[in-house]
>>> print(open('data.txt').read())   # compact mmCIF, C-alpha atoms
# COMPACT_ATOMS: atom_id res chain seq x y z
CA MET A 368 0.00 0.00 0.00
CA ALA A 369 1.30 3.45 -0.97
CA LYS A 370 2.51 5.67 1.87
CA ARG A 371 0.16 8.57 2.55
CA ARG A 372 1.69 11.99 2.08
CA SER A 373 1.56 14.47 4.95
CA ARG A 374 -0.72 17.48 4.79
CA ALA A 375 2.31 19.81 4.49
CA GLU A 376 3.76 17.76 1.64
CA ARG A 377 0.44 17.77 -0.25
CA ALA A 378 0.13 21.52 0.22
CA ALA A 379 3.66 22.08 -1.07
CA ARG A 380 3.00 19.97 -4.18
CA GLU A 381 -0.24 21.84 -4.89
CA ALA A 382 1.53 25.21 -4.46
CA ALA A 383 4.25 24.12 -6.84
CA LYS A 384 1.68 23.15 -9.49
CA LYS A 385 -0.25 26.41 -9.17
CA ASN A 386 2.75 28.78 -9.21
CA PRO A 387 5.96 26.92 -10.11
CA LYS A 388 8.02 30.11 -10.57
CA ALA A 389 7.23 31.45 -7.10
CA PHE A 390 7.79 28.02 -5.56
CA PHE A 391 11.20 27.76 -7.22
CA THR A 392 12.15 31.23 -5.90
CA VAL A 393 11.25 30.26 -2.35
CA VAL A 394 13.30 27.08 -2.59
CA VAL A 395 16.34 29.03 -3.86
CA ILE A 396 16.02 31.58 -1.03
CA VAL A 397 15.82 28.82 1.58
CA LEU A 398 18.88 27.11 0.12
CA VAL A 399 20.86 30.37 0.06
CA LEU A 400 19.95 31.10 3.69
CA ALA A 401 20.99 27.59 4.69
CA ILE A 402 24.35 27.99 2.92
CA VAL A 403 24.96 31.39 4.55
CA ALA A 404 24.08 30.00 7.98
CA ALA A 405 26.41 27.02 7.48
CA ALA A 406 29.24 29.30 6.34
CA CYS A 407 28.77 31.59 9.35
CA TRP A 408 28.82 28.62 11.70
CA TYR A 409 31.96 27.22 10.09
CA PHE A 410 33.98 30.45 10.12
CA LEU A 411 32.72 31.91 13.40
CA VAL A 412 32.44 28.76 15.49
CA TYR A 413 33.90 25.55 14.04
CA ARG A 414 37.11 27.03 12.61
CA LYS A 415 38.04 28.53 15.99
CA GLN A 416 37.65 25.32 17.91
CA ASP A 417 40.28 22.66 18.40
CA HIS A 418 39.38 19.49 16.45
CA THR A 419 42.62 17.58 16.79
CA ALA A 420 44.53 15.78 19.48
CA PRO A 421 47.08 17.81 21.46
CA GLY A 422 49.31 19.43 18.89
CA GLY A 423 46.64 21.81 17.66
CA ASP A 424 45.43 22.65 14.22
CA GLY A 425 47.53 20.28 12.13
CA THR A 426 51.04 20.42 13.65
CA GLN A 427 51.77 17.29 15.63
CA VAL A 428 53.66 18.06 18.83
CA VAL A 429 55.02 14.92 20.42
CA GLY A 430 56.37 14.30 23.89
CA GLY A 431 60.06 15.01 24.24
CA GLU A 432 63.01 14.17 26.48
CA VAL A 433 65.17 16.66 28.32
CA THR A 434 68.30 14.97 26.94
CA GLU A 435 67.29 15.94 23.39
CA ILE A 436 66.91 19.67 24.02
CA SER A 437 70.56 20.75 23.93
CA SER A 438 71.05 19.34 20.43
CA ALA A 439 67.74 20.60 19.03
CA ASP A 440 67.74 22.94 16.02
CA LEU A 441 65.55 25.33 18.00
CA SER A 442 64.34 25.33 21.59
CA ILE A 443 62.03 27.79 23.37
CA HIS A 444 62.13 27.68 27.16
CA PHE A 445 59.54 29.25 29.44
CA LEU A 446 61.23 29.27 32.84
CA GLU A 447 59.82 28.79 36.27
CA LEU A 448 61.11 31.68 38.35
CA GLY A 449 61.48 29.91 41.67
CA VAL A 450 59.13 32.30 43.49
CA ALA A 451 55.38 32.60 44.04
CA ASN A 452 55.04 35.60 41.74
CA ALA A 453 53.98 36.27 38.18
CA GLY A 454 56.82 37.18 35.85
CA ASP A 455 58.42 36.34 32.54
CA CYS A 456 61.71 34.75 31.60
CA THR A 457 62.00 33.10 28.18
CA LEU A 458 65.14 31.64 26.65
CA ILE A 459 65.43 30.84 22.94
CA LYS A 460 68.35 28.73 21.73
CA VAL A 461 69.40 28.13 18.13
CA GLY A 462 72.74 26.36 17.96
CA ASN A 463 75.16 28.54 19.92
CA THR A 464 72.90 31.59 19.67
CA GLU A 465 70.75 32.48 22.69
CA VAL A 466 67.99 35.06 23.04
CA LEU A 467 66.73 36.03 26.49
CA ILE A 468 63.32 37.70 26.59
CA ASP A 469 62.72 39.42 29.95
CA ALA A 470 63.68 38.22 33.41
CA GLY A 471 61.31 38.77 36.36
CA ALA A 472 59.91 38.75 38.95
CA LYS A 473 60.70 40.86 42.05
CA LYS A 474 63.45 43.39 42.60
CA ASN A 475 64.54 41.84 45.90
CA THR A 476 64.79 38.26 44.58
CA ALA A 477 65.46 38.31 40.83
CA PRO A 478 67.18 36.63 39.24
CA THR A 479 66.72 33.66 41.52
CA GLN A 480 69.34 30.94 41.66
CA VAL A 481 66.85 28.74 39.82
CA MET A 482 66.82 31.18 36.89
CA GLN A 483 70.58 31.64 36.90
CA ASP A 484 71.25 27.89 36.91
CA TYR A 485 68.74 27.24 34.16
CA VAL A 486 70.16 29.83 31.76
CA ALA A 487 73.72 28.71 32.51
CA GLN A 488 72.79 25.15 31.59
CA TYR A 489 71.95 26.17 28.02
CA CYS A 490 74.18 29.21 27.54
CA GLN A 491 77.60 27.82 28.33
CA ASP A 492 79.81 30.29 26.44
CA GLY A 493 78.89 33.26 28.64
CA ILE A 494 77.37 35.18 25.73
CA LEU A 495 73.72 36.11 25.24
CA GLU A 496 73.61 37.22 21.63
CA TYR A 497 70.29 39.02 22.11
CA VAL A 498 68.32 40.30 25.07
CA ILE A 499 64.80 41.67 24.58
CA ALA A 500 63.37 43.82 27.38
CA THR A 501 59.70 44.04 26.47
CA HIS A 502 58.63 46.83 28.84
CA ALA A 503 59.59 48.64 32.05
CA HIS A 504 57.74 46.58 34.65
CA GLU A 505 59.59 44.93 37.52
CA ASP A 506 58.32 41.44 36.72
CA HIS A 507 60.03 41.65 33.34
CA ILE A 508 63.29 43.50 33.97
CA ALA A 509 64.26 42.93 37.63
CA GLY A 510 66.29 39.82 36.75
CA LEU A 511 68.17 41.70 34.07
CA VAL A 512 69.46 43.99 36.84
CA GLY A 513 69.75 41.67 39.84
CA GLN A 514 71.13 42.19 43.32
CA GLU A 515 74.24 44.05 44.35
CA SER A 516 77.15 41.65 44.77
CA GLY A 517 80.44 43.30 45.62
CA ASP A 518 81.31 45.71 42.83
CA THR A 519 78.86 44.17 40.38
CA ARG A 520 75.30 42.79 40.28
CA THR A 521 73.78 39.35 39.80
CA GLY A 522 71.52 40.28 36.87
CA PHE A 523 71.94 38.78 33.40
CA LEU A 524 73.07 42.10 31.92
CA TYR A 525 76.05 42.02 34.29
CA GLN A 526 76.84 38.31 34.34
CA TYR A 527 76.85 37.70 30.58
CA LYS A 528 78.44 39.33 27.58
CA ILE A 529 75.47 40.81 25.69
CA GLY A 530 75.58 41.16 21.91
CA THR A 531 72.46 43.24 21.25
CA ILE A 532 69.74 44.64 23.49
CA ILE A 533 66.33 45.36 21.94
CA GLN A 534 64.21 47.33 24.36
CA PHE A 535 60.91 49.19 24.72
CA SER A 536 60.69 52.56 22.96
CA GLN A 537 58.43 54.29 25.49
CA HIS A 538 57.94 54.34 29.24
CA ASN A 539 55.87 56.21 31.81
CA THR A 540 57.61 55.02 34.94
CA ASN A 541 60.52 56.53 36.82
CA SER A 542 60.73 53.70 39.35
CA GLY A 543 63.87 52.56 41.08
CA ILE A 544 64.00 49.32 39.11
CA TYR A 545 63.60 51.22 35.86
CA ASN A 546 66.53 53.48 36.71
CA ASP A 547 68.59 50.47 37.76
CA TYR A 548 67.75 48.89 34.40
CA VAL A 549 68.90 52.02 32.54
CA ALA A 550 72.20 51.86 34.44
CA ALA A 551 72.57 48.17 33.51
CA VAL A 552 72.00 48.95 29.84
CA GLU A 553 74.62 51.68 29.96
CA TYR A 554 77.03 49.21 31.55
CA CYS A 555 76.43 46.84 28.63
CA ARG A 556 76.86 49.64 26.13
CA SER A 557 80.23 50.48 27.65
CA ARG A 558 81.27 46.88 26.97
CA GLY A 559 80.35 47.06 23.28
CA THR A 560 76.71 45.96 23.34
CA ASN A 561 74.49 47.28 20.55
CA VAL A 562 71.39 48.90 22.08
CA TYR A 563 68.29 49.55 19.99
CA ASP A 564 64.68 50.24 20.79
CA ALA A 565 61.73 48.60 19.04
CA LEU A 566 60.92 51.67 16.94
CA GLU A 567 64.49 51.82 15.64
CA CYS A 568 64.19 48.14 14.70
CA THR A 569 60.91 48.44 12.85
CA SER A 570 62.05 51.60 11.04
CA GLU A 571 65.55 50.15 10.54
CA THR A 572 67.31 53.29 11.71
CA ASN A 573 70.57 53.88 13.62
CA GLY A 574 71.91 50.49 12.62
CA ALA A 575 68.93 48.50 13.90
CA GLN A 576 67.18 45.81 11.88
CA SER A 577 63.63 44.54 11.84
CA THR A 578 64.84 40.99 11.16
CA TYR A 579 67.74 39.16 12.78
CA TYR A 580 68.74 35.67 11.68
CA LEU A 581 69.78 33.35 14.48
CA ASP A 582 71.65 30.80 12.38
CA GLU A 583 74.11 30.90 9.47
CA ALA A 584 71.69 29.13 7.14
CA GLN A 585 69.10 31.82 7.88
CA THR A 586 66.37 29.30 8.64
CA VAL A 587 65.37 30.94 11.95
CA SER A 588 64.51 34.64 11.98
CA MET A 589 63.64 36.96 14.84
CA ASN A 590 61.27 39.63 13.54
CA ILE A 591 60.40 42.77 15.52
CA LEU A 592 56.80 43.67 14.70
CA TYR A 593 55.52 47.24 14.62
CA GLN A 594 52.69 48.45 16.82
CA GLU A 595 51.70 52.06 17.40
CA TYR A 596 52.82 52.30 21.03
CA TYR A 597 56.44 52.23 19.93
CA ALA A 598 55.89 55.74 18.60
CA LYS A 599 53.57 57.16 21.26
CA LYS A 600 52.89 56.71 24.93
CA ALA A 601 50.05 54.48 26.05
CA GLY A 602 48.14 56.26 28.81
CA SER A 603 49.75 55.87 32.21
CA GLY A 604 50.78 52.21 32.02
CA GLU A 605 53.64 50.23 30.54
CA ASN A 606 52.06 47.09 29.11
CA ASN A 607 51.16 48.45 25.67
CA HIS A 608 54.76 49.56 25.16
CA SER A 609 55.71 45.88 24.97
CA VAL A 610 58.14 44.81 22.26
CA CYS A 611 56.48 42.21 20.02
CA MET A 612 58.54 39.55 18.27
CA LEU A 613 57.64 36.86 15.74
CA LEU A 614 60.08 33.96 15.56
CA THR A 615 59.90 32.14 12.23
CA GLN A 616 61.52 28.78 11.56
CA THR A 617 61.75 27.49 7.98
CA VAL A 618 61.60 23.71 8.25
CA ASN A 619 61.62 22.93 4.53
CA GLU A 620 60.54 24.45 1.22
CA THR A 621 56.87 24.15 2.07
CA THR A 622 56.72 24.41 5.87
CA SER A 623 57.45 27.20 8.31
CA TYR A 624 56.62 27.38 12.01
CA HIS A 625 55.78 30.68 13.68
CA TYR A 626 56.08 31.55 17.37
CA LEU A 627 54.73 34.84 18.76
CA PHE A 628 55.84 36.80 21.84
CA THR A 629 53.96 39.97 22.86
CA GLY A 630 55.05 40.68 26.44
CA ASP A 631 52.15 42.19 28.37
CA LEU A 632 50.48 43.81 25.36
CA GLU A 633 46.84 44.69 26.07
CA LYS A 634 43.80 45.08 23.83
CA SER A 635 44.55 48.39 22.10
CA GLY A 636 48.13 47.26 21.52
CA GLU A 637 46.92 43.93 20.14
CA GLU A 638 44.55 45.79 17.83
CA SER A 639 47.45 47.86 16.52
CA LEU A 640 49.66 44.79 16.16
CA ALA A 641 46.98 42.99 14.14
CA GLU A 642 46.27 46.07 12.03
CA ASN A 643 49.89 46.79 11.15
CA ASN A 644 51.14 43.28 10.43
CA ASP A 645 50.16 40.33 8.28
CA LEU A 646 50.21 37.91 11.18
CA PRO A 647 50.53 34.21 10.35
CA HIS A 648 49.06 31.14 11.97
CA CYS A 649 51.22 30.41 15.02
CA VAL A 650 52.18 27.00 16.32
CA LEU A 651 53.02 28.66 19.65
CA PHE A 652 51.93 31.85 21.42
CA LYS A 653 53.27 33.07 24.74
CA GLY A 654 49.99 33.95 26.43
CA GLY A 655 49.84 37.71 26.95
CA HIS A 656 50.24 39.38 30.36
CA HIS A 657 50.42 36.15 32.40
CA GLY A 658 46.86 35.17 31.42
CA SER A 659 45.29 38.50 32.41
CA SER A 660 41.82 39.45 31.18
CA THR A 661 43.38 42.51 29.52
CA SER A 662 45.39 40.47 27.00
CA SER A 663 45.04 37.59 24.51
CA ASN A 664 42.00 39.22 22.96
CA GLU A 665 40.09 37.84 20.00
CA VAL A 666 41.40 40.58 17.68
CA LEU A 667 44.84 38.96 17.99
CA LEU A 668 43.89 35.33 18.51
CA ASP A 669 41.69 35.35 15.43
CA GLU A 670 44.71 36.35 13.32
CA ILE A 671 47.24 33.88 14.73
CA THR A 672 44.87 30.95 15.54
CA PRO A 673 47.40 29.54 18.01
CA GLU A 674 47.90 25.81 18.37
CA ASN A 675 49.73 25.96 21.69
CA ILE A 676 49.79 28.62 24.41
CA ALA A 677 52.37 28.86 27.18
CA ILE A 678 51.60 31.17 30.12
CA CYS A 679 54.28 32.35 32.53
CA THR A 680 52.59 32.95 35.86
CA CYS A 681 51.97 31.66 39.37
CA ALA A 682 48.40 30.47 38.92
CA GLY A 683 45.67 31.18 41.43
CA THR A 684 47.43 33.76 43.63
CA TYR A 685 45.89 37.11 44.51
CA GLU A 686 49.01 39.10 43.64
CA TYR A 687 47.03 41.09 41.09
CA ALA A 688 43.43 40.27 42.06
CA ASP A 689 41.10 41.20 44.90
CA LYS A 690 40.35 38.39 47.33
CA PRO A 691 36.82 36.94 47.44
CA THR A 692 34.34 38.53 49.82
CA ALA A 693 30.76 37.83 50.79
CA GLU A 694 29.70 40.54 48.34
CA GLU A 695 32.10 39.40 45.57
CA PRO A 696 32.60 35.65 45.96
CA ASP A 697 33.68 35.19 42.33
CA ASN A 698 36.86 37.24 42.58
CA TYR A 699 38.83 34.01 42.36
CA LEU A 700 38.01 34.00 38.65
CA ASN A 701 40.25 37.07 38.25
CA THR A 702 43.44 35.39 39.42
CA PHE A 703 45.91 34.46 36.67
CA PRO A 704 45.13 32.83 34.33
CA THR A 705 41.72 34.52 34.41
CA GLN A 706 38.50 32.85 33.40
CA GLU A 707 37.93 35.61 30.85
CA ALA A 708 41.25 34.98 29.11
CA ILE A 709 40.71 31.21 29.16
CA ASP A 710 37.25 31.64 27.63
CA ARG A 711 38.85 33.40 24.66
CA MET A 712 41.80 31.05 24.31
CA SER A 713 39.58 27.97 24.47
CA GLN A 714 37.95 28.92 21.18
CA TYR A 715 41.26 28.27 19.41
CA THR A 716 43.09 25.50 21.25
CA GLN A 717 42.95 23.21 24.27
CA ASN A 718 46.74 23.10 24.48
CA ILE A 719 47.40 25.63 27.24
CA TYR A 720 50.32 25.21 29.62
CA ILE A 721 51.17 27.03 32.87
CA THR A 722 54.57 27.25 34.56
CA THR A 723 53.73 27.53 38.28
CA LEU A 724 50.86 27.12 40.77
CA GLY A 725 50.45 29.13 43.96
CA VAL A 726 49.74 27.48 47.33
CA LEU A 727 47.17 29.45 49.32
CA ALA A 728 46.24 29.71 52.99
CA ASP A 729 42.63 29.78 54.17
CA ASP A 730 42.66 33.59 54.04
CA TYR A 731 43.78 33.48 50.36
CA SER A 732 47.28 34.70 51.17
CA THR A 733 50.12 32.98 49.33
CA GLU A 734 51.99 30.40 51.39
CA GLY A 735 54.26 29.16 48.62
CA PHE A 736 54.26 27.57 45.19
CA VAL A 737 54.60 24.28 43.37
CA SER A 738 55.22 23.46 39.74
CA MET A 739 52.22 23.15 37.47
CA ASN A 740 53.79 22.19 34.13
CA GLY A 741 57.09 23.54 35.43
CA ASP A 742 59.68 24.69 32.90
CA ILE A 743 57.94 24.48 29.52
CA VAL A 744 60.14 23.73 26.51
CA PHE A 745 59.02 23.50 22.90
CA TYR A 746 61.82 22.31 20.64
CA TYR A 747 62.45 21.05 17.12
CA GLY A 748 64.67 18.00 17.15
CA LYS A 749 64.86 14.22 17.30
CA GLY A 750 65.93 11.38 19.52
CA GLU A 751 68.83 9.02 18.90
CA ASP A 752 66.60 6.36 17.37
CA GLU A 753 64.53 8.76 15.26
CA THR A 754 65.22 9.59 11.64
CA GLU A 755 63.13 12.75 11.29
CA LYS A 756 63.00 15.90 13.35
CA THR A 757 59.66 17.00 14.77
CA LEU A 758 58.26 19.67 17.04
CA LYS A 759 58.29 18.37 20.60
CA LEU A 760 57.21 19.43 24.07
CA TRP A 761 58.97 18.70 27.34
CA CYS A 762 57.87 19.99 30.76
CA SER A 763 59.92 19.57 33.92
CA ASN A 764 56.89 18.52 35.99
CA HIS A 765 54.25 17.13 33.63
CA ALA A 766 52.76 17.96 30.23
CA THR A 767 49.10 17.90 31.28
CA ILE A 768 47.09 20.58 29.50
CA LEU A 769 45.50 23.18 31.75
CA LYS A 770 41.90 22.05 31.44
CA ASP A 771 42.78 18.55 32.64
CA THR A 772 44.51 19.68 35.84
CA GLU A 773 42.96 19.38 39.27
CA TRP A 774 43.36 23.13 39.86
CA PHE A 775 41.39 23.90 36.72
CA ARG A 776 38.55 21.51 37.58
CA GLU A 777 38.16 23.22 40.96
CA ASN A 778 38.57 26.83 39.85
CA ARG A 779 37.69 27.30 36.17
CA THR A 780 35.28 26.14 33.48
CA TRP A 781 35.95 25.16 29.89
CA ASN A 782 33.51 26.66 27.40
CA GLY A 783 31.01 27.16 30.23
CA VAL A 784 31.29 23.62 31.61
>>> encode(input="data.txt", output="structure tokens")
Amino acid sequence: MAKRRSRAERAAREAAKKNPKAFFTVVVIVLVLAIVAAACWYFLVYRKQDHTAPGGDGTQVVGGEVTEISSADLSIHFLELGVANAGDCTLIKVGNTEVLIDAGAKKNTAPTQVMQDYVAQYCQDGILEYVIATHAHEDHIAGLVGQESGDTRTGFLYQYKIGTIIQFSQHNTNSGIYNDYVAAVEYCRSRGTNVYDALECTSETNGAQSTYYLDEAQTVSMNILYQEYYAKKAGSGENNHSVCMLLTQTVNETTSYHYLFTGDLEKSGEESLAENNDLPHCVLFKGGHHGSSTSSNEVLLDEITPENIAICTCAGTYEYADKPTAEEPDNYLNTFPTQEAIDRMSQYTQNIYITTLGVLADDYSTEGFVSMNGDIVFYYGKGEDETEKTLKLWCSNHATILKDTEWFRENRTWNGV
């Protein structure tokens, strides 16, 4: 027996017979709307989400071994600072060339022995070819200056021979640590160090370059990217003066990896960075401003679509956040890395890594710290038994992504869950 058609189906067939032209027009409009809706969903939702295993949007990052790092073609180290404070210290190594980006965290402790020992392990010739000081905040430059020690200081600018310093072009502060940093730079200059600011680099004036190659084969380039706060002051703060650098590694004729470092750049700075540069897809992004809500905004993330994000911070402490109260119980969401920043990052990748975790007392004061991922190292190399080099990740504690950690489950949500 023939299947009976529904009332709606019979009505549609009768309408098509009576006015086929109008019926055809309606069908076309419906199809066009469906295609537009599907395209919007793909580009605005699906494309931003992570649909691969850890390693991100197409680049497989495999687990590494610490013994492989020294011989790697390129290694990028996000250091634990050895204190319960937020701060940056990043070491890049390409052969015998080392780049140090910032060195925090506090004037009275930086650089810690942990930081000094770590850098010495990978920079054994006593020469840092490049030092980048992103901006004039203590948690980025205190370790470059260090503590008084006899007739010298313990900071990296005093303990190493420095080839070139690339520093912030603007500042608002006149703090003690800033003035100590200026003195350290002048000390380096007296020893033959080239000193340039970011604006000189991007405009290629006074001997500065926008691109520096870190190897003889010119397969790894350090590119200083322009943003408008090199040329003008940004309100009363320092973060938007941050030097921004894109590290590009040419792997073969068809493949290049890009790694982006933006210091503590905030939203207006990120807008300028995105507007003034043709930013590529990045296999790695150093999460802006320690995971603050002011940084890692969609205007930047949408351009670089990062596969992996490394955040240098002491997670969960109230160093830069108000403690919870009866009136504001959700203040814990504002500790680094903030829920707001995670919500934005989660639209692009699940591969987020954190250096350190704070240990809190019942009154939310900081009692100490433990490693979360620990020292985070992305490197391009191979093991003894491997024939091909790949991008690898090694962490001194564990390589668990942020959303799978116990701290995250108790303190944050992932895409609202």
>>> residues_around(input="data.txt", residues="Cys762 of chain A", least_positions_apart="3", cutoff="12 Å", atoms="all atoms listed in the file", output="PyMOL selection string")
chain A and resi 429-433+436+443-447+677+720-723+738-746+759+765-768
>>> closest_residue(input="data.txt", among="A:Ala500, A:Asp631, A:Cys681, A:Gln717", to="Thr702 of chain A", atoms="all atoms listed in the file")
A:Cys681
>>> closest_atom_pairs(input="data.txt", of="segment 698-744 of chain A", to="segment 451-470 of chain A", cutoff="7 Å", atoms="all atoms listed in the file", output="JSON lines")
{"residue": "A:Gly725", "atom": "CA", "partner": "A:Ala451", "partner_atom": "CA", "distance": 6.0}
{"residue": "A:Gly735", "atom": "CA", "partner": "A:Ala451", "partner_atom": "CA", "distance": 5.8}
{"residue": "A:Phe736", "atom": "CA", "partner": "A:Ala451", "partner_atom": "CA", "distance": 5.3}
>>> atom_distance(input="data.txt", atom1="atom CA of Thr569 of chain A", atom2="atom CA of Thr531 of chain A")
15.2 Å
>>> closest_residue(input="data.txt", among="A:Thr560, A:Ser442, A:Gln594, A:Ser542", to="Tyr626 of chain A", atoms="all atoms listed in the file")
A:Ser442
>>> residues_around(input="data.txt", residues="Gln537 of chain A", least_positions_apart="4", cutoff="9 Å", atoms="all atoms listed in the file", output="VMD selection string")
chain A and resid 502 to 503 564 596 to 601 605 608 to 609
>>> atom_distance(input="data.txt", atom1="atom CA of Asp710 of chain A", atom2="atom CA of Gly783 of chain A")
8.1 Å
>>> closest_residue(input="data.txt", among="A:Glu734, A:Asp771, A:Asp669, A:Asp697", to="Asn718 of chain A", atoms="all atoms listed in the file")
A:Asp771
>>> closest_residue(input="data.txt", among="A:Thr684, A:Asn764, A:Asn590, A:Thr622", to="Leu646 of chain A", atoms="all atoms listed in the file")
A:Asn590
>>> residues_near_point(input="data.txt", point="(70.1, 44.9, 21.1)", cutoff="10 Å", atoms="all atoms listed in the file", output="list in words")
Glu496, Tyr497, Val498, Ile499, Ala500, Ile529, Gly530, Thr531, Ile532, Ile533, Gln534, Val552, Arg556, Thr560, Asn561, Val562, Tyr563, Asp564, Ala565, Cys568, Ala575 and Gln576 of chain A
>>> atom_distance(input="data.txt", atom1="atom CA of Thr621 of chain A", atom2="atom CA of Glu670 of chain A")
20.6 Å
>>> residues_around(input="data.txt", residues="Lys473 of chain A", least_positions_apart="6", cutoff="8 Å", atoms="only C-alpha atoms", output="MDAnalysis selection string")
chainID A and resid 452 505:506 509:510
